[in-house]
>>> print(open('start_37.pdb').read())   # PDB, C-alpha atoms and all ligand atoms
MODEL        1
ATOM      1  CA  TYR A 147      26.277  -2.876  -6.197
ATOM      2  CA  TYR A 148      29.677  -3.265  -7.729
ATOM      3  CA  ASN A 149      32.794  -5.339  -7.583
ATOM      4  CA  GLU A 150      36.310  -5.285  -9.035
ATOM      5  CA  GLU A 151      35.011  -6.148 -12.491
ATOM      6  CA  SER A 152      31.969  -3.821 -12.717
ATOM      7  CA  VAL A 153      31.915  -1.674 -15.828
ATOM      8  CA  ILE A 154      30.207   1.699 -16.041
ATOM      9  CA  TYR A 155      29.636   4.136 -18.864
ATOM     10  CA  TYR A 156      31.369   7.408 -18.032
ATOM     11  CA  ASN A 157      31.487  10.414 -20.354
ATOM     12  CA  GLY A 158      31.759   8.562 -23.627
ATOM     13  CA  LYS A 159      33.736   5.516 -22.464
ATOM     14  CA  PHE A 160      33.144   2.174 -20.835
ATOM     15  CA  ILE A 161      35.485   1.959 -17.853
ATOM     16  CA  LYS A 162      35.884  -0.084 -14.686
ATOM     17  CA  ALA A 163      33.818   1.392 -11.836
ATOM     18  CA  LYS A 164      36.875   1.342  -9.589
ATOM     19  CA  GLU A 165      38.700   3.648 -12.013
ATOM     20  CA  ALA A 166      36.021   6.361 -11.972
ATOM     21  CA  SER A 167      36.481   9.549 -10.006
ATOM     22  CA  GLU A 168      34.334  12.602  -9.501
ATOM     23  CA  ASN A 169      35.548  16.124  -8.921
ATOM     24  CA  PRO A 170      35.385  17.151  -5.219
ATOM     25  CA  TYR A 171      34.111  20.585  -6.329
ATOM     26  CA  SER A 172      31.190  19.022  -8.215
ATOM     27  CA  GLN A 173      27.990  21.019  -7.924
ATOM     28  CA  SER A 174      26.069  17.755  -7.625
ATOM     29  CA  LEU A 175      28.052  16.785  -4.566
ATOM     30  CA  HIS A 176      27.648  20.155  -2.855
ATOM     31  CA  TYR A 177      24.143  21.217  -3.863
ATOM     32  CA  GLY A 178      22.400  18.122  -5.215
ATOM     33  CA  ASN A 179      22.183  19.499  -8.748
ATOM     34  CA  GLY A 180      22.110  16.213 -10.631
ATOM     35  CA  VAL A 181      19.457  14.096 -12.294
ATOM     36  CA  PHE A 182      19.045  10.345 -12.277
ATOM     37  CA  GLU A 183      16.820   7.477 -13.357
ATOM     38  CA  GLY A 184      15.937   4.026 -12.101
ATOM     39  CA  ILE A 185      15.299   1.518 -14.884
ATOM     40  CA  ARG A 186      15.053  -2.252 -15.038
ATOM     41  CA  ALA A 187      16.101  -4.816 -17.592
ATOM     42  CA  TYR A 188      14.474  -8.243 -17.561
ATOM     43  CA  ASN A 189      15.660 -11.538 -18.933
ATOM     44  CA  THR A 190      12.698 -12.343 -21.185
ATOM     45  CA  PRO A 191      12.019 -15.302 -23.521
ATOM     46  CA  ASN A 192      13.095 -12.916 -26.326
ATOM     47  CA  GLY A 193      16.360 -11.925 -24.695
ATOM     48  CA  THR A 194      17.270  -9.071 -22.398
ATOM     49  CA  ARG A 195      14.750  -6.262 -22.570
ATOM     50  CA  ILE A 196      14.944  -2.852 -20.921
ATOM     51  CA  PHE A 197      11.415  -2.046 -19.786
ATOM     52  CA  LYS A 198      10.117   1.320 -21.055
ATOM     53  CA  SER A 199      13.598   2.621 -21.737
ATOM     54  CA  GLU A 200      12.344   5.510 -23.833
ATOM     55  CA  GLU A 201       9.955   6.743 -21.118
ATOM     56  CA  HIS A 202      12.737   6.633 -18.513
ATOM     57  CA  TYR A 203      15.282   8.419 -20.688
ATOM     58  CA  LYS A 204      12.721  11.056 -21.656
ATOM     59  CA  ARG A 205      12.152  11.704 -17.965
ATOM     60  CA  LEU A 206      15.913  11.976 -17.442
ATOM     61  CA  LYS A 207      16.129  14.510 -20.282
ATOM     62  CA  TYR A 208      13.181  16.445 -18.846
ATOM     63  CA  GLY A 209      14.996  16.637 -15.486
ATOM     64  CA  ALA A 210      18.162  17.965 -17.144
ATOM     65  CA  GLU A 211      16.130  20.510 -19.074
ATOM     66  CA  VAL A 212      14.313  21.974 -16.061
ATOM     67  CA  MET A 213      17.596  22.181 -14.126
ATOM     68  CA  GLY A 214      19.263  23.994 -17.046
ATOM     69  CA  ILE A 215      21.785  21.161 -17.442
ATOM     70  CA  GLN A 216      23.244  20.787 -20.923
ATOM     71  CA  PHE A 217      22.582  17.259 -22.062
ATOM     72  CA  ASN A 218      22.478  16.285 -25.704
ATOM     73  CA  TYR A 219      22.130  12.503 -25.797
ATOM     74  CA  THR A 220      18.888  11.259 -27.379
ATOM     75  CA  ALA A 221      16.755   8.638 -25.644
ATOM     76  CA  ASP A 222      17.660   6.256 -28.469
ATOM     77  CA  GLU A 223      21.402   6.727 -28.013
ATOM     78  CA  LEU A 224      21.041   6.221 -24.265
ATOM     79  CA  THR A 225      19.083   3.009 -24.778
ATOM     80  CA  LYS A 226      21.746   1.622 -27.127
ATOM     81  CA  LEU A 227      24.519   2.493 -24.669
ATOM     82  CA  THR A 228      22.592   0.816 -21.885
ATOM     83  CA  TYR A 229      22.181  -2.450 -23.805
ATOM     84  CA  GLU A 230      25.898  -2.408 -24.466
ATOM     85  CA  LEU A 231      26.640  -1.752 -20.794
ATOM     86  CA  LEU A 232      24.466  -4.707 -19.736
ATOM     87  CA  GLU A 233      26.317  -6.931 -22.149
ATOM     88  CA  ARG A 234      29.734  -5.755 -20.958
ATOM     89  CA  ASN A 235      28.677  -6.582 -17.387
ATOM     90  CA  GLY A 236      27.181  -9.935 -18.386
ATOM     91  CA  LEU A 237      23.827  -8.908 -16.862
ATOM     92  CA  LYS A 238      20.421  -9.938 -18.146
ATOM     93  CA  ASP A 239      18.200  -9.088 -15.159
ATOM     94  CA  ALA A 240      19.413  -5.777 -13.814
ATOM     95  CA  TYR A 241      18.658  -2.462 -12.226
ATOM     96  CA  ILE A 242      20.058   0.441 -14.253
ATOM     97  CA  ARG A 243      21.073   3.766 -12.764
ATOM     98  CA  PRO A 244      21.847   6.610 -15.183
ATOM     99  CA  LEU A 245      23.111   9.721 -13.400
ATOM    100  CA  ILE A 246      23.875  13.150 -14.807
ATOM    101  CA  THR A 247      26.185  15.171 -12.609
ATOM    102  CA  THR A 248      27.252  18.781 -12.967
ATOM    103  CA  GLY A 249      30.892  19.870 -12.942
ATOM    104  CA  ALA A 250      33.128  21.839 -10.621
ATOM    105  CA  ASN A 251      31.270  25.039  -9.885
ATOM    106  CA  MET A 252      30.619  26.566  -6.475
ATOM    107  CA  SER A 253      28.136  29.157  -7.684
ATOM    108  CA  LEU A 254      24.390  28.582  -7.550
ATOM    109  CA  LEU A 255      24.079  28.839 -11.297
ATOM    110  CA  THR A 256      23.973  25.523 -13.129
ATOM    111  CA  SER A 257      27.449  24.510 -14.247
ATOM    112  CA  ASN A 258      28.185  24.263 -17.976
ATOM    113  CA  GLU A 259      30.016  21.005 -17.432
ATOM    114  CA  THR A 260      27.937  17.850 -17.515
ATOM    115  CA  ASN A 261      28.929  14.249 -16.820
ATOM    116  CA  LEU A 262      26.961  11.164 -17.715
ATOM    117  CA  ILE A 263      27.397   8.022 -15.674
ATOM    118  CA  ILE A 264      25.430   4.820 -16.299
ATOM    119  CA  GLN A 265      25.705   1.984 -13.824
ATOM    120  CA  CYS A 266      23.908  -1.333 -13.580
ATOM    121  CA  TRP A 267      23.769  -4.106 -11.051
ATOM    122  CA  GLU A 268      21.791  -7.149 -10.047
ATOM    123  CA  TRP A 269      18.981  -6.180  -7.704
ATOM    124  CA  GLY A 270      16.029  -8.145  -6.383
ATOM    125  CA  LYS A 271      12.647  -6.564  -5.779
ATOM    126  CA  TYR A 272      13.548  -3.420  -3.794
ATOM    127  CA  MET A 273      10.890  -3.714  -1.098
ATOM    128  CA  GLY A 274      10.778  -7.506  -1.175
ATOM    129  CA  ASP A 275       7.670  -9.612  -1.680
ATOM    130  CA  LYS A 276       6.192  -9.597   1.780
ATOM    131  CA  LEU A 277       3.369  -7.215   2.635
ATOM    132  CA  LEU A 278       4.622  -3.877   3.938
ATOM    133  CA  ARG A 279       4.006  -2.243   7.280
ATOM    134  CA  VAL A 280       3.921   1.459   6.532
ATOM    135  CA  LYS A 281       4.127   4.563   8.691
ATOM    136  CA  THR A 282       2.633   7.943   7.861
ATOM    137  CA  SER A 283       5.595  10.288   7.735
ATOM    138  CA  SER A 284       5.930  13.523   9.660
ATOM    139  CA  PHE A 285       7.582  14.861   6.472
ATOM    140  CA  GLN A 286       5.459  16.135   3.570
ATOM    141  CA  ARG A 287       6.232  15.839  -0.124
ATOM    142  CA  PRO A 288       7.874  19.041  -1.390
ATOM    143  CA  ASN A 289       5.696  21.941  -2.439
ATOM    144  CA  PRO A 290       5.520  21.767  -6.275
ATOM    145  CA  LYS A 291       6.188  25.511  -6.304
ATOM    146  CA  SER A 292       9.557  24.959  -4.595
ATOM    147  CA  CYS A 293      10.942  22.540  -7.193
ATOM    148  CA  PHE A 294       9.980  20.403 -10.198
ATOM    149  CA  VAL A 295       8.453  17.427  -8.401
ATOM    150  CA  GLU A 296       8.298  15.305 -11.563
ATOM    151  CA  ALA A 297      12.034  15.611 -12.179
ATOM    152  CA  LYS A 298      14.281  13.006 -10.573
ATOM    153  CA  VAL A 299      16.723  15.543  -9.210
ATOM    154  CA  THR A 300      19.259  14.071  -6.774
ATOM    155  CA  GLY A 301      18.710  16.839  -4.183
ATOM    156  CA  HIS A 302      14.982  16.092  -3.985
ATOM    157  CA  TYR A 303      15.811  12.702  -2.499
ATOM    158  CA  ILE A 304      16.698  14.188   0.880
ATOM    159  CA  ASN A 305      12.945  14.175   1.521
ATOM    160  CA  SER A 306      12.817  10.454   0.682
ATOM    161  CA  ILE A 307      15.817   9.685   2.887
ATOM    162  CA  LEU A 308      14.398  11.586   5.881
ATOM    163  CA  SER A 309      11.049   9.831   5.639
ATOM    164  CA  THR A 310      12.558   6.361   5.102
ATOM    165  CA  ASN A 311      14.940   6.808   8.058
ATOM    166  CA  GLU A 312      12.035   7.889  10.233
ATOM    167  CA  ALA A 313       9.869   4.898   9.223
ATOM    168  CA  LYS A 314      12.690   2.347   9.688
ATOM    169  CA  ASN A 315      13.846   3.852  12.990
ATOM    170  CA  ASN A 316      10.306   3.383  14.271
ATOM    171  CA  GLY A 317      10.191  -0.275  13.236
ATOM    172  CA  TYR A 318       8.232   0.109   9.972
ATOM    173  CA  ASP A 319       9.163  -0.966   6.438
ATOM    174  CA  GLU A 320       8.325   2.186   4.501
ATOM    175  CA  ALA A 321       6.988   5.730   4.771
ATOM    176  CA  LEU A 322       3.807   7.236   3.355
ATOM    177  CA  LEU A 323       3.974  10.959   2.645
ATOM    178  CA  LEU A 324       1.126  13.428   2.423
ATOM    179  CA  ASP A 325       1.239  16.486   0.201
ATOM    180  CA  MET A 326       1.251  20.068   1.507
ATOM    181  CA  ASN A 327      -2.577  20.096   1.452
ATOM    182  CA  GLY A 328      -2.848  16.992   3.622
ATOM    183  CA  ASN A 329      -3.846  14.643   0.806
ATOM    184  CA  VAL A 330      -2.147  11.289   0.387
ATOM    185  CA  ALA A 331       0.750  11.689  -2.067
ATOM    186  CA  GLU A 332       3.097   8.705  -2.356
ATOM    187  CA  CYS A 333       5.728   6.560  -0.694
ATOM    188  CA  SER A 334       9.340   7.783  -0.507
ATOM    189  CA  GLY A 335      10.192   5.987  -3.764
ATOM    190  CA  ALA A 336       6.929   4.566  -5.102
ATOM    191  CA  ASN A 337       3.371   5.591  -5.986
ATOM    192  CA  ILE A 338       0.264   4.492  -4.108
ATOM    193  CA  PHE A 339      -3.072   2.926  -5.083
ATOM    194  CA  MET A 340      -5.974   2.130  -2.760
ATOM    195  CA  GLN A 341      -8.889  -0.230  -3.326
ATOM    196  CA  LYS A 342     -12.293   0.689  -1.927
ATOM    197  CA  GLY A 343     -15.686  -0.746  -2.840
ATOM    198  CA  GLY A 344     -14.435  -2.655  -5.905
ATOM    199  CA  LYS A 345     -12.613   0.351  -7.337
ATOM    200  CA  LEU A 346      -9.014   1.625  -7.377
ATOM    201  CA  TYR A 347      -7.941   5.176  -6.661
ATOM    202  CA  THR A 348      -4.555   6.833  -7.065
ATOM    203  CA  PRO A 349      -3.603  10.483  -6.461
ATOM    204  CA  PRO A 350      -3.468  12.626  -9.625
ATOM    205  CA  ARG A 351      -0.219  14.189 -10.858
ATOM    206  CA  GLY A 352       0.786  17.477  -9.273
ATOM    207  CA  HIS A 353       2.500  16.636  -5.998
ATOM    208  CA  ILE A 354       3.920  13.221  -6.936
ATOM    209  CA  MET A 355       6.473  11.573  -9.201
ATOM    210  CA  ALA A 356       4.744  10.674 -12.471
ATOM    211  CA  GLY A 357       5.684   7.045 -12.038
ATOM    212  CA  ILE A 358       6.218   4.963 -15.137
ATOM    213  CA  THR A 359       5.029   1.889 -13.211
ATOM    214  CA  ARG A 360       1.966   3.874 -12.101
ATOM    215  CA  ALA A 361       1.179   4.620 -15.768
ATOM    216  CA  THR A 362       1.706   0.942 -16.679
ATOM    217  CA  VAL A 363      -0.650  -0.177 -13.893
ATOM    218  CA  ILE A 364      -3.298   2.355 -14.960
ATOM    219  CA  ASP A 365      -3.044   0.974 -18.526
ATOM    220  CA  LEU A 366      -3.360  -2.596 -17.219
ATOM    221  CA  CYS A 367      -6.516  -1.563 -15.328
ATOM    222  CA  LYS A 368      -7.996  -0.034 -18.456
ATOM    223  CA  GLU A 369      -7.142  -3.110 -20.536
ATOM    224  CA  THR A 370      -8.687  -5.522 -18.054
ATOM    225  CA  GLY A 371     -11.680  -3.415 -17.017
ATOM    226  CA  ILE A 372     -10.560  -2.769 -13.423
ATOM    227  CA  SER A 373     -12.180   0.504 -12.445
ATOM    228  CA  ILE A 374      -9.499   3.124 -11.728
ATOM    229  CA  GLU A 375      -9.803   6.809 -10.900
ATOM    230  CA  GLU A 376      -7.087   9.434 -10.392
ATOM    231  CA  LYS A 377      -8.393  11.394  -7.444
ATOM    232  CA  HIS A 378      -7.134  13.021  -4.254
ATOM    233  CA  PHE A 379      -7.918  11.184  -1.037
ATOM    234  CA  THR A 380      -7.157  11.843   2.607
ATOM    235  CA  LEU A 381      -5.429   9.749   5.228
ATOM    236  CA  GLU A 382      -8.831   9.049   6.829
ATOM    237  CA  GLU A 383     -10.155   7.722   3.536
ATOM    238  CA  LEU A 384      -7.054   5.559   3.123
ATOM    239  CA  LYS A 385      -7.568   4.170   6.619
ATOM    240  CA  ASN A 386     -11.008   3.086   5.485
ATOM    241  CA  ALA A 387      -9.796   1.342   2.332
ATOM    242  CA  ASP A 388     -10.078  -2.396   1.684
ATOM    243  CA  ALA A 389      -6.546  -2.816   0.328
ATOM    244  CA  CYS A 390      -3.555  -0.801  -0.795
ATOM    245  CA  PHE A 391      -0.374  -1.211  -2.844
ATOM    246  CA  PHE A 392       2.725   0.682  -4.015
ATOM    247  CA  THR A 393       4.177   0.783  -7.533
ATOM    248  CA  GLY A 394       7.673   1.635  -8.747
ATOM    249  CA  THR A 395      10.401   0.398 -11.050
ATOM    250  CA  ALA A 396      12.419  -0.930  -8.117
ATOM    251  CA  ALA A 397       9.422  -1.942  -5.952
ATOM    252  CA  GLU A 398       7.338  -3.251  -8.904
ATOM    253  CA  VAL A 399       3.843  -3.895  -7.405
ATOM    254  CA  VAL A 400       3.884  -4.562  -3.680
ATOM    255  CA  GLY A 401       0.989  -4.864  -1.226
ATOM    256  CA  LEU A 402       0.561  -3.187   2.148
ATOM    257  CA  GLN A 403      -0.337  -5.056   5.279
ATOM    258  CA  SER A 404      -0.958  -1.997   7.405
ATOM    259  CA  LEU A 405      -0.703   1.749   7.693
ATOM    260  CA  ASP A 406       0.167   2.982  11.213
ATOM    261  CA  ASP A 407      -2.197   0.880  13.361
ATOM    262  CA  TYR A 408      -4.758   0.289  10.587
ATOM    263  CA  LYS A 409      -4.697  -3.189   9.036
ATOM    264  CA  PHE A 410      -6.084  -3.430   5.486
ATOM    265  CA  PRO A 411      -8.974  -5.875   5.828
ATOM    266  CA  LEU A 412      -9.104  -7.491   2.359
ATOM    267  CA  ASP A 413      -6.832 -10.514   1.846
ATOM    268  CA  TRP A 414      -3.999  -9.459  -0.471
ATOM    269  CA  GLU A 415      -4.640 -12.490  -2.701
ATOM    270  CA  LYS A 416      -8.232 -11.345  -3.195
ATOM    271  CA  SER A 417      -7.324  -7.756  -4.081
ATOM    272  CA  TYR A 418      -6.832  -6.088  -7.465
ATOM    273  CA  GLY A 419      -3.300  -5.258  -6.373
ATOM    274  CA  TYR A 420      -2.431  -8.947  -6.305
ATOM    275  CA  GLN A 421      -3.824  -9.465  -9.822
ATOM    276  CA  LEU A 422      -1.959  -6.400 -11.058
ATOM    277  CA  MET A 423       1.263  -7.618  -9.461
ATOM    278  CA  LYS A 424       0.992 -10.798 -11.538
ATOM    279  CA  LEU A 425      -0.005  -8.944 -14.718
ATOM    280  CA  TYR A 426       2.899  -6.532 -14.248
ATOM    281  CA  LYS A 427       5.352  -9.438 -14.025
ATOM    282  CA  ASP A 428       4.074 -10.697 -17.399
ATOM    283  CA  GLU A 429       4.038  -7.223 -18.915
ATOM    284  CA  VAL A 430       7.719  -6.572 -18.185
ATOM    285  CA  LEU A 431       8.589  -9.951 -19.710
ATOM    286  CA  GLY A 432       6.507  -9.123 -22.779
ATOM    287  CA  LEU A 433       4.237 -12.133 -22.093
ATOM    288  CA  MET A 434       0.889 -10.584 -22.728
ATOM    289  CA  SER A 435      -0.951 -12.767 -21.684
ATOM    290  CA  LYS A 436      -3.664 -15.239 -21.098
ATOM    291  CA  LYS A 437      -4.015 -13.800 -17.607
ATOM    292  CA  LYS A 438      -5.136 -10.433 -18.947
ATOM    293  CA  SER A 439      -8.075 -11.822 -20.907
ATOM    294  CA  GLU A 440      -8.997 -14.237 -18.126
ATOM    295  CA  LEU A 441      -9.075 -11.419 -15.595
ATOM    296  CA  SER A 442     -10.973  -9.174 -17.931
ATOM    297  CA  ASN A 443     -13.638 -11.917 -18.406
ATOM    298  CA  GLU A 444     -13.828 -12.415 -14.646
ATOM    299  CA  ILE A 445     -14.348  -8.694 -14.057
ATOM    300  CA  LYS A 446     -17.060  -8.439 -16.718
ATOM    301  CA  GLN A 447     -19.090 -11.214 -15.060
TER
HETATM  302  N1  LIG B   1       7.770   8.220  -6.429
HETATM  303  C1  LIG B   1       9.047   8.573  -6.203
HETATM  304  C2  LIG B   1       9.330   9.663  -5.234
HETATM  305  C3  LIG B   1      10.072   7.909  -6.880
HETATM  306  O1  LIG B   1      11.352   8.240  -6.656
HETATM  307  C4  LIG B   1       9.762   6.871  -7.778
HETATM  308  C5  LIG B   1      10.852   6.128  -8.483
HETATM  309  N2  LIG B   1      11.226   6.820  -9.646
HETATM  310  C6  LIG B   1       8.417   6.549  -7.988
HETATM  311  C7  LIG B   1       7.452   7.250  -7.290
HETATM  312  C8  LIG B   1       8.028   5.477  -8.945
HETATM  313  O2  LIG B   1       8.333   5.841 -10.265
HETATM  314  P1  LIG B   1       8.628   4.762 -11.388
HETATM  315  O3  LIG B   1       7.433   3.875 -11.438
HETATM  316  O4  LIG B   1       8.786   5.561 -12.622
HETATM  317  O5  LIG B   1       9.850   4.032 -11.003
ENDMDL
END
>>> encode(input="start_37.pdb", output="structure tokens")
Amino acid sequence: YYNEESVIYYNGKFIKAKEASENPYSQSLHYGNGVFEGIRAYNTPNGTRIFKSEEHYKRLKYGAEVMGIQFNYTADELTKLTYELLERNGLKDAYIRPLITTGANMSLLTSNETNLIIQCWEWGKYMGDKLLRVKTSSFQRPNPKSCFVEAKVTGHYINSILSTNEAKNNGYDEALLLDMNGNVAECSGANIFMQKGGKLYTPPRGHIMAGITRATVIDLCKETGISIEEKHFTLEELKNADACFFTGTAAEVVGLQSLDDYKFPLDWEKSYGYQLMKLYKDEVLGLMSKKKSELSNEIKQ
């Protein structure tokens, strides 16, 4: 993620990553009281473009707010700083990781001291391009009454780490988590869509991260006429689906080969997920797009 020359933004300055240090008494380190984001910049025909920067920074600010963390940067200021950081690192295609940490404070009351770190690095598609073999996790997504599930709080990611470790230790690529009611929720770091009978379904907000990629894919469906419904579904229903895919900033749009011992029967190339994967690639590059109108004509026929 970094080398000798990597530059980060740290509390008002651009510094070398190797010169940064965090306080060992940091509340983020001890209790996971921090907030982060995962954003991508793409090298587009019109120069480097951070995709949906405002949406990501608004989510970061929402996370700080619910955790009672003082954080006064505006989304606009953060976007400008991020473009400068990319330039200082000579990166055009990059993954961007803003992180708000809280200061030295061993009480369980949010510290008054806040640090802002922004890092960026070159990163390929997080889950790769090949179809995923997924395992249903023995861990559930957190109860929305025990935390703010739509805030990207560092401590919440213990649930994602446990489920990913479990899936990988059992020979799978990724984990699928159910919510506390037994409905399908999401992957450890991505949202889920299933295709059944010519229609797409994705779980509604409530127990899941309100993914920015999820929202983009829903918009792409609406623009092209792909039928999409936000609706709870069970594991049994998912194991009856024709096809399935995950969405996330790092994962982008990635298809599933199987879930436990169920193999999705529809060829990935013939699924809506495959079309949306291609449309998403154009969308992030701002190339909108012959493909969208072609697909929309195909669907209307
Ligand atoms: N679910 C979880 C648990 C996540 O951490 C993420 C990544 N932020 C997502 C879904 C996907 O969200 P986004 O599309 O905004 O990256």
>>> residues_around(input="start_37.pdb", residues="segment 392-403 of chain A", least_positions_apart="4", cutoff="7 Å", atoms="only C-alpha atoms", output="list of chain:residue names")
A:Gly184, A:Ile185, A:Arg186, A:Lys271, A:Tyr272, A:Met273, A:Asp275, A:Leu277, A:Leu278, A:Arg279, A:Ala336, A:Asn337, A:Ile338, A:Phe339, A:Gly357, A:Thr359, A:Arg360, A:Lys409, A:Phe410, A:Trp414, A:Gly419, A:Met423
>>> resolve_selection(input="start_37.pdb", expression="the PyMOL selection byres (((chain A and resi 319) around 8) and not hetatm)", output="PyMOL selection string")
chain A and resi 278-281+313-314+317-318+320-321
>>> closest_residue(input="start_37.pdb", among="A:Lys226, A:Lys238, A:Lys276, A:His202", to="Phe391 of chain A", atoms="all atoms listed in the file")
A:Lys276
>>> closest_residue(input="start_37.pdb", among="A:Thr220, A:Gln286, A:Ser373, A:Ser292", to="ligand LIG 1 (chain B)", atoms="all atoms listed in the file")
A:Gln286
>>> closest_residue(input="start_37.pdb", among="A:Phe379, A:Phe217, A:Tyr420, A:Tyr426", to="Leu245 of chain A", atoms="only C-alpha atoms")
A:Phe217
>>> residues_near_point(input="start_37.pdb", point="(29.4, 25.1, -19.4)", cutoff="9 Å", atoms="all atoms listed in the file", output="PyMOL selection string")
chain A and resi 215-216+249+256-260
>>> write_last_selection(input="start_37.pdb", atoms="C-alpha atoms", output="mmCIF file, in the frame of the given file")
data_model
loop_
_atom_site.group_PDB
_atom_site.id
_atom_site.type_symbol
_atom_site.label_atom_id
_atom_site.label_comp_id
_atom_site.auth_asym_id
_atom_site.auth_seq_id
_atom_site.Cartn_x
_atom_site.Cartn_y
_atom_site.Cartn_z
ATOM 1 C CA ILE A 215 21.785 21.161 -17.442
ATOM 2 C CA GLN A 216 23.244 20.787 -20.923
ATOM 3 C CA GLY A 249 30.892 19.870 -12.942
ATOM 4 C CA THR A 256 23.973 25.523 -13.129
ATOM 5 C CA SER A 257 27.449 24.510 -14.247
ATOM 6 C CA ASN A 258 28.185 24.263 -17.976
ATOM 7 C CA GLU A 259 30.016 21.005 -17.432
ATOM 8 C CA THR A 260 27.937 17.850 -17.515
#
>>> axis_aligned_box(input="start_37.pdb", around="segment 216-230 of chain A", padding_each_side="8 Å", output="lines of an AutoDock Vina configuration file")
center_x = 21.3
center_y = 9.2
center_z = -24.7
size_x = 25.1
size_y = 39.2
size_z = 23.5
>>> atom_distance(input="start_37.pdb", atom1="atom CA of Ser174 of chain A", atom2="atom CA of Thr247 of chain A")
5.6 Å
>>> closest_residue(input="start_37.pdb", among="A:Ala331, A:Asp407, A:Gly274, A:Ser199", to="Lys377 of chain A", atoms="all atoms listed in the file")
A:Ala331
>>> closest_residue(input="start_37.pdb", among="A:Tyr418, A:Tyr229, A:Phe182, A:Phe285", to="ligand LIG 1 (chain B)", atoms="only C-alpha atoms and all ligand atoms")
A:Phe182
>>> closest_residue(input="start_37.pdb", among="A:Gly344, A:Gly214, A:Pro288, A:Pro191", to="ligand LIG 1 (chain B)", atoms="all atoms listed in the file")
A:Pro288
>>> resolve_selection(input="start_37.pdb", expression="the PyMOL selection byres (((chain A and resi 194) around 9) and not hetatm)", output="PDB file with C-alpha atoms, in the frame of the given file")
ATOM      1  CA  ALA A 187      16.101  -4.816 -17.592  1.00  0.00           C
ATOM      2  CA  TYR A 188      14.474  -8.243 -17.561  1.00  0.00           C
ATOM      3  CA  ASN A 189      15.660 -11.538 -18.933  1.00  0.00           C
ATOM      4  CA  THR A 190      12.698 -12.343 -21.185  1.00  0.00           C
ATOM      5  CA  PRO A 191      12.019 -15.302 -23.521  1.00  0.00           C
ATOM      6  CA  ASN A 192      13.095 -12.916 -26.326  1.00  0.00           C
ATOM      7  CA  GLY A 193      16.360 -11.925 -24.695  1.00  0.00           C
ATOM      8  CA  ARG A 195      14.750  -6.262 -22.570  1.00  0.00           C
ATOM      9  CA  ILE A 196      14.944  -2.852 -20.921  1.00  0.00           C
ATOM     10  CA  TYR A 229      22.181  -2.450 -23.805  1.00  0.00           C
ATOM     11  CA  LEU A 232      24.466  -4.707 -19.736  1.00  0.00           C
ATOM     12  CA  LEU A 237      23.827  -8.908 -16.862  1.00  0.00           C
ATOM     13  CA  LYS A 238      20.421  -9.938 -18.146  1.00  0.00           C
ATOM     14  CA  ASP A 239      18.200  -9.088 -15.159  1.00  0.00           C
TER      15      ASP A 239
END
>>> decode(input="start_37.pdb", residues="segment 376-406 of chain A", atoms="C-alpha atoms", output="compact mmCIF listing (two decimals), in the first residue's frame")
# COMPACT_ATOMS: atom_id res chain seq x y z
CA GLU A 376 -35.50 -3.63 -3.00
CA LYS A 377 -36.93 -6.50 -1.02
CA HIS A 378 -35.92 -8.93 1.72
CA PHE A 379 -35.18 -12.47 0.61
CA THR A 380 -34.10 -15.61 2.41
CA LEU A 381 -31.16 -17.92 1.88
CA GLU A 382 -33.53 -20.50 0.36
CA GLU A 383 -34.75 -17.95 -2.17
CA LEU A 384 -31.16 -17.00 -2.99
CA LYS A 385 -30.33 -20.67 -3.54
CA ASN A 386 -33.10 -20.72 -6.11
CA ALA A 387 -31.88 -17.65 -7.99
CA ASP A 388 -30.62 -17.67 -11.58
CA ALA A 389 -27.60 -15.45 -10.94
CA CYS A 390 -26.07 -13.24 -8.28
CA PHE A 391 -23.49 -10.46 -7.94
CA PHE A 392 -21.82 -8.20 -5.37
CA THR A 393 -21.27 -4.44 -5.61
CA GLY A 394 -18.81 -2.17 -3.81
CA THR A 395 -16.32 0.60 -4.45
CA ALA A 396 -13.40 -1.81 -4.10
CA ALA A 397 -15.17 -4.86 -5.60
CA GLU A 398 -17.00 -2.84 -8.32
CA VAL A 399 -19.50 -5.35 -9.86
CA VAL A 400 -18.45 -8.96 -9.49
CA GLY A 401 -20.38 -12.15 -10.25
CA LEU A 402 -20.84 -15.22 -8.07
CA GLN A 403 -20.20 -18.72 -9.28
CA SER A 404 -21.68 -20.46 -6.26
CA LEU A 405 -23.03 -20.10 -2.77
CA ASP A 406 -22.13 -23.01 -0.44
